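What's in start_10.cif: mmCIF, C-alpha atoms
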data_query
#
loop_
_atom_site.label_atom_id
_atom_site.label_comp_id
_atom_site.auth_asym_id
_atom_site.auth_seq_id
_atom_site.Cartn_x
_atom_site.Cartn_y
_atom_site.Cartn_z
CA MET L 1 44.44 59.34 -20.90
CA PRO L 2 46.79 61.31 -23.29
CA HIS L 3 49.65 60.85 -20.81
CA GLU L 4 49.06 57.07 -20.79
CA LEU L 5 49.09 56.99 -24.59
CA ILE L 6 52.33 58.97 -24.72
CA ALA L 7 53.93 56.62 -22.19
CA SER L 8 52.79 53.63 -24.24
CA TYR L 9 54.29 55.05 -27.43
CA LEU L 10 57.56 55.77 -25.64
CA LYS L 11 57.71 52.16 -24.44
CA LEU L 12 56.97 50.70 -27.88
CA PRO L 13 60.65 50.48 -29.00
CA VAL L 14 61.54 48.82 -25.70
CA PHE L 15 58.70 46.34 -26.17
CA LEU L 16 59.90 45.47 -29.67
CA LEU L 17 63.49 44.96 -28.50
CA VAL L 18 62.41 42.81 -25.54
CA ALA L 19 60.09 40.78 -27.76
CA SER L 20 62.93 40.23 -30.24
CA ARG L 21 65.24 38.80 -27.57
CA LEU L 22 62.50 36.56 -26.17
CA GLY L 23 61.42 35.57 -29.69
CA GLY L 24 64.93 34.33 -30.48
CA LEU L 25 64.79 32.14 -27.38
CA ILE L 26 61.35 30.71 -28.13
CA MET L 27 62.28 29.93 -31.74
CA PHE L 28 65.25 27.76 -30.75
CA GLN L 29 64.07 26.57 -27.36
CA PRO L 30 64.02 22.73 -27.42
CA VAL L 31 60.35 22.30 -26.41
CA LEU L 32 58.47 25.47 -27.35
CA GLY L 33 60.48 25.90 -30.54
CA ALA L 34 59.25 22.60 -31.96
CA LEU L 35 57.15 22.71 -35.11
CA SER L 36 54.47 20.71 -33.30
CA VAL L 37 53.73 23.79 -31.17
CA PRO L 38 51.38 26.09 -33.14
CA ALA L 39 52.95 29.35 -34.27
CA ASN L 40 50.16 31.45 -32.77
CA ILE L 41 50.85 29.91 -29.35
CA ARG L 42 54.51 30.85 -29.61
CA VAL L 43 53.68 34.39 -30.74
CA MET L 44 51.21 34.86 -27.88
CA LEU L 45 53.78 33.56 -25.39
CA VAL L 46 56.46 35.95 -26.68
CA LEU L 47 54.13 38.93 -26.61
CA GLY L 48 52.84 38.04 -23.14
CA LEU L 49 56.33 37.66 -21.68
CA ALA L 50 57.47 40.86 -23.40
CA ALA L 51 54.51 42.75 -21.93
CA LEU L 52 55.48 41.54 -18.44
CA VAL L 53 59.18 42.36 -18.79
CA THR L 54 58.96 45.71 -20.62
CA PRO L 55 57.88 47.83 -17.60
CA PHE L 56 61.09 46.79 -15.80
CA VAL L 57 63.45 47.57 -18.71
CA ASP L 58 64.65 51.10 -19.39
CA LEU L 59 65.02 52.58 -22.84
CA PRO L 60 68.71 53.12 -23.66
CA ALA L 61 69.94 56.67 -24.13
CA ASP L 62 71.14 55.85 -27.66
CA ALA L 63 67.86 54.22 -28.67
CA PRO L 64 67.34 54.04 -32.45
CA THR L 65 64.99 56.60 -33.91
CA ALA L 66 64.86 55.51 -37.55
CA LEU L 67 62.98 52.37 -38.61
CA ALA L 68 66.04 50.79 -40.22
CA GLU L 69 68.10 51.28 -37.06
CA LEU L 70 65.32 49.77 -34.97
CA VAL L 71 65.15 46.69 -37.20
CA LEU L 72 68.92 46.17 -36.91
CA ALA L 73 68.71 46.57 -33.15
CA MET L 74 65.90 44.00 -33.01
CA GLY L 75 68.05 41.58 -35.00
CA ARG L 76 70.92 41.96 -32.56
CA GLU L 77 68.64 41.39 -29.58
CA MET L 78 67.21 38.33 -31.29
CA LEU L 79 70.72 36.88 -31.62
CA ILE L 80 71.10 36.96 -27.83
CA GLY L 81 67.91 34.93 -27.41
CA ILE L 82 68.99 32.54 -30.16
CA LEU L 83 72.31 32.04 -28.35
CA VAL L 84 70.56 30.90 -25.17
CA GLY L 85 68.14 28.56 -26.93
CA LEU L 86 70.65 27.13 -29.40
CA ALA L 87 73.20 26.25 -26.72
CA VAL L 88 70.59 24.12 -24.93
CA TRP L 89 69.29 22.63 -28.18
CA LEU L 90 72.76 21.23 -28.93
CA CYS L 91 72.36 18.90 -25.93
CA PHE L 92 69.28 17.39 -27.58
CA LEU L 93 71.22 17.15 -30.84
CA GLY L 94 73.74 14.93 -29.04
CA LEU L 95 70.95 12.53 -28.06
CA GLN L 96 69.69 12.48 -31.63
CA MET L 97 73.19 11.62 -32.85
CA ALA L 98 73.44 8.83 -30.24
CA GLY L 99 70.19 7.27 -31.44
CA GLN L 100 71.42 7.42 -35.03
CA LEU L 101 74.69 5.68 -34.12
CA ILE L 102 72.92 2.90 -32.24
CA ALA L 103 70.39 2.44 -35.04
CA GLN L 104 73.12 2.13 -37.67
CA GLU L 105 75.06 -0.41 -35.63
CA SER L 106 71.99 -2.50 -34.76
CA GLY L 107 70.56 -2.47 -38.29
CA LEU L 108 67.52 -0.37 -37.41
CA ALA L 109 68.54 2.74 -39.35
CA MET L 110 66.37 1.75 -42.30
CA GLY L 111 63.20 2.30 -40.28
CA GLN L 112 62.78 6.07 -40.15
CA ILE L 113 59.83 8.22 -39.17
CA ALA L 114 58.88 11.84 -39.77
CA ASP L 115 59.45 13.74 -36.56
CA PRO L 116 56.65 16.31 -36.09
CA ALA L 117 58.82 18.40 -33.75
CA SER L 118 61.65 19.03 -36.22
CA GLY L 119 59.95 18.24 -39.55
CA ILE L 120 62.76 15.91 -40.65
CA GLN L 121 63.09 12.15 -40.91
CA GLN L 122 65.02 10.37 -38.19
CA THR L 123 65.36 6.88 -36.79
CA VAL L 124 62.97 5.50 -34.21
CA LEU L 125 65.76 5.30 -31.64
CA SER L 126 66.66 8.98 -32.14
CA SER L 127 63.03 9.94 -31.70
CA PHE L 128 62.80 7.82 -28.55
CA TYR L 129 65.86 9.41 -26.94
CA VAL L 130 64.78 12.95 -27.81
CA ASN L 131 61.19 12.51 -26.62
CA PHE L 132 62.29 10.78 -23.43
CA CYS L 133 64.76 13.55 -22.67
CA VAL L 134 62.11 16.19 -23.36
CA ALA L 135 60.15 14.64 -20.48
CA VAL L 136 63.28 14.65 -18.29
CA TYR L 137 63.99 18.23 -19.36
CA LEU L 138 60.56 19.35 -18.19
CA ILE L 139 60.70 17.30 -14.98
CA VAL L 140 64.03 18.77 -13.83
CA GLY L 141 62.83 22.28 -14.70
CA GLY L 142 65.15 22.87 -17.63
CA HIS L 143 62.61 25.09 -19.38
CA ARG L 144 62.42 27.34 -16.33
CA ALA L 145 66.21 27.53 -16.04
CA VAL L 146 66.59 28.47 -19.70
CA LEU L 147 63.86 31.11 -19.52
CA ARG L 148 65.39 32.49 -16.33
CA ALA L 149 68.79 32.68 -18.03
CA CYS L 150 67.26 34.70 -20.85
CA LEU L 151 65.38 37.01 -18.48
CA ASP L 152 68.52 37.56 -16.41
CA THR L 153 70.26 38.89 -19.49
CA PHE L 154 68.08 42.01 -19.29
CA ASP L 155 69.87 42.87 -16.02
CA SER L 156 73.39 41.86 -17.04
CA ILE L 157 73.19 42.90 -20.71
CA PRO L 158 71.06 46.04 -21.14
CA LEU L 159 69.25 46.62 -24.39
CA LEU L 160 71.71 47.70 -27.09
CA GLY L 161 74.59 47.35 -24.65
CA ASP L 162 77.74 45.22 -24.11
CA ARG L 163 78.60 44.14 -27.62
CA SER L 164 81.49 42.03 -26.33
CA ILE L 165 79.10 39.13 -25.81
CA VAL L 166 79.31 38.34 -29.53
CA ALA L 167 82.95 37.31 -29.17
CA GLY L 168 82.20 34.94 -26.29
CA ALA L 169 79.08 33.59 -27.97
CA THR L 170 81.06 31.81 -30.69
CA GLU L 171 83.26 30.08 -28.12
CA LEU L 172 80.21 29.07 -26.08
CA LEU L 173 78.47 27.53 -29.09
CA LEU L 174 81.63 25.59 -29.98
CA ASP L 175 81.87 24.31 -26.41
CA ALA L 176 78.18 23.39 -26.45
CA PHE L 177 78.61 21.53 -29.75
CA ALA L 178 81.59 19.62 -28.32
CA LEU L 179 79.54 18.85 -25.23
CA GLY L 180 76.70 17.54 -27.41
CA ALA L 181 79.16 15.29 -29.24
CA ALA L 182 80.45 14.03 -25.88
CA VAL L 183 76.88 13.25 -24.80
CA ALA L 184 76.34 11.32 -28.04
CA ILE L 185 79.48 9.24 -27.42
CA ARG L 186 78.62 8.55 -23.78
CA VAL L 187 75.06 7.52 -24.62
CA ALA L 188 75.88 5.42 -27.68
CA ALA L 189 79.16 3.85 -26.51
CA PRO L 190 77.72 0.93 -24.47
CA ALA L 191 75.45 -0.27 -27.28
CA VAL L 192 77.91 0.41 -30.10
CA ILE L 193 80.80 -1.40 -28.38
CA THR L 194 78.59 -4.35 -27.46
CA LEU L 195 77.19 -4.65 -30.97
CA PHE L 196 80.70 -4.44 -32.40
CA MET L 197 81.68 -7.42 -30.27
CA VAL L 198 78.54 -9.21 -31.48
CA ASN L 199 79.60 -8.60 -35.09
CA ILE L 200 82.99 -10.17 -34.36
CA ALA L 201 81.31 -13.18 -32.74
CA LEU L 202 78.96 -13.59 -35.70
CA GLY L 203 81.94 -13.42 -38.05
CA PHE L 204 83.66 -16.28 -36.21
CA LEU L 205 80.38 -18.20 -36.18
CA SER L 206 79.91 -17.81 -39.93
CA ARG L 207 83.41 -19.22 -40.48
CA THR L 208 82.98 -22.18 -38.15
CA VAL L 209 79.36 -23.06 -39.06
CA PRO L 210 78.82 -22.00 -42.70
CA THR L 211 75.37 -23.61 -42.85
CA ILE L 212 73.85 -21.04 -40.49
CA ASN L 213 72.17 -18.06 -42.14
CA ILE L 214 74.08 -15.35 -40.29
CA ALA L 215 72.18 -12.52 -41.99
CA THR L 216 68.83 -13.67 -40.61
CA VAL L 217 70.07 -14.68 -37.17
CA GLY L 218 72.37 -11.69 -36.77
CA PHE L 219 69.77 -9.07 -37.64
CA SER L 220 67.31 -10.28 -34.99
CA MET L 221 70.04 -10.85 -32.42
CA LYS L 222 71.63 -7.42 -32.90
CA ALA L 223 68.28 -5.65 -32.63
CA LEU L 224 67.41 -7.55 -29.43
CA ILE L 225 70.83 -6.91 -27.86
CA GLY L 226 70.67 -3.26 -28.88
CA PHE L 227 67.33 -2.75 -27.11
CA LEU L 228 68.61 -4.60 -24.04
CA ILE L 229 71.75 -2.46 -23.76
CA MET L 230 69.69 0.71 -24.29
CA ALA L 231 67.38 -0.26 -21.42
CA ILE L 232 70.31 -1.01 -19.11
CA SER L 233 72.24 2.15 -19.95
CA LEU L 234 69.24 4.51 -19.98
CA PRO L 235 69.85 5.90 -16.45
CA THR L 236 73.48 6.64 -17.38
CA ALA L 237 72.31 8.36 -20.55
CA MET L 238 69.95 10.58 -18.57
CA ASP L 239 72.75 11.47 -16.15
CA ALA L 240 74.93 12.51 -19.09
CA PHE L 241 72.09 14.62 -20.50
CA THR L 242 71.25 16.40 -17.24
CA GLY L 243 74.95 17.01 -16.57
CA ALA L 244 75.30 18.60 -20.00
CA LEU L 245 72.30 20.84 -19.29
CA GLU L 246 73.86 22.01 -16.03
CA ASN L 247 77.12 22.82 -17.81
CA VAL L 248 75.38 24.78 -20.56
CA VAL L 249 73.28 26.80 -18.11
CA GLY L 250 76.43 27.53 -16.09
CA TRP L 251 78.27 28.67 -19.22
CA LEU L 252 75.38 30.95 -20.11
CA GLY L 253 75.51 32.46 -16.65
CA ASP L 254 79.24 33.07 -16.96
CA LEU L 255 78.87 34.63 -20.40
CA THR L 256 76.01 36.95 -19.53
CA GLY L 257 77.24 37.70 -16.01
CA ALA L 258 73.89 36.68 -14.56
#
This entry written out as structure tokens:
Amino acid sequence: MPHELIASYLKLPVFLLVASRLGGLIMFQPVLGALSVPANIRVMLVLGLAALVTPFVDLPADAPTALAELVLAMGREMLIGILVGLAVWLCFLGLQMAGQLIAQESGLAMGQIADPASGIQQTVLSSFYVNFCVAVYLIVGGHRAVLRACLDTFDSIPLLGDRSIVAGATELLLDAFALGAAVAIRVAAPAVITLFMVNIALGFLSRTVPTINIATVGFSMKALIGFLIMAISLPTAMDAFTGALENVVGWLGDLTGA
């Protein structure tokens, strides 16, 4: 019994470092990091995963002994987990931007709802795209791929080791942000271009037939056309989203060497 207690105390710093890295992932993971998931569930998940991983992770030779050093080391490990989760979250941000662009062009931006997952107000179209892609994300196993990428970092990046990842992390986040913007453009382009052409047609119609109330007719017509184009282009939007996920996971593998 005393030997088991001593072994447990020796593993406690490793457990805290592992939990910090996994905690950073869970905080910014697109699904589990949502505010709609209770905090106690996220804490239990982090502690459970850390308890499973800790026996397979060795304590570094230069492990911190003072409390302040341990806290700094936990912060650095948390940044690695945040990097993995944030890079994937930027793909969902691209979909949210696409919904906002379509809503503004179709005149539906005034109708906003409080999103329970993020705690902010967003348009109905943004919420639709994000929630639909959450389902696609779970169906294609994105949550497993992201968790696997984080767990693989314990083999490729030992605890308190390889500080060069910080330099590549900035470049990866910039690439992920650019990829999210590209997803937003690819998803919103069909509806935005079509609605722009509708605005031009309504402008000509208002000049040729001044008696028609263009404001009333145009609002209903643009909303209907916007929904129709969204339905037609939804498979293409999902292809753009899943392709972006594959790219991000590949970049994470290249960065971490997993």
Looking at L:Leu72, L:Leu67, L:Leu52, L:Leu125, which one is nearest to Ile102 in chain L, with distances taken over only C-alpha atoms?
-> L:Leu125
Can you give me, as number ranges by chain, the residues this file yields under the PyMOL selection byres ((chain L and resi 26) around 10)?
-> L: 20-25, 27-34, 42-43, 45-46, 81-82, 84-85, 147
Written as a VMD selection string, what is the full residue list that the PyMOL selection byres ((chain L and resi 244) around 9) yields on the file shown?
-> chain L and resid 88 91 176 179 to 180 183 239 to 243 245 to 249
What separation in Å, quoted to one decimal, exists between CA of Ser206 in chain L and CA of Leu224 in chain L?
-> 19.3 Å
What is the distance between CA of Leu49 in chain L and CA of Leu151 in chain L, in Å to one decimal?
->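 Interatomic distance, CA of Leu49 in chain L to CA of Leu151 in chain L: 9.6 Å.
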With only C-alpha atoms as the atoms that count, which of L:Leu35, L:Val124, L:Val130, L:Ala178 lies nearest to Ala103 in chain L?
-> L:Val124
Suppose you want the space between CA of Ala184 in chain L and CA of Gln96 in chain L; what is it in Å?
->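 Going from CA of Ala184 in chain L over to CA of Gln96 in chain L, I get 7.6 Å.
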Closest to Val134 in chain L among L:Leu95, L:Phe196, L:Thr211, L:Pro190, using all atoms listed in the file?
->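 Using all atoms listed in the file, the shortest distance to Val134 in chain L belongs to L:Leu95.
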Of the candidates L:Val57, L:Ala182, L:Ile193, L:Ile225, which one gets nearest to Ile157 in chain L if we count all atoms listed in the file?
->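 Ranked by minimum distance to Ile157 in chain L, first place goes to L:Val57.
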Of the residues L:Thr54, L:Ser220, L:Thr153, L:Thr194, which is the one nearest to Ser233 in chain L, using all atoms listed in the file?
->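 Answer, going by the shortest atom-to-atom distance: L:Thr194.
Using all atoms listed in the file, the smallest distance between any of L:Phe56, L:Asp254, L:Glu77, L:Leu16 and Leu159 in chain L comes from L:Glu77.
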If we count all atoms listed in the file, what is near Glu105 in chain L at a cut-off of 7 Å, once residues fewer than 4 positions away on the same chain are taken out, given as a list of chain:residue names?
->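 Result of the neighbour search: L:Leu101, L:Val192, L:Leu195.
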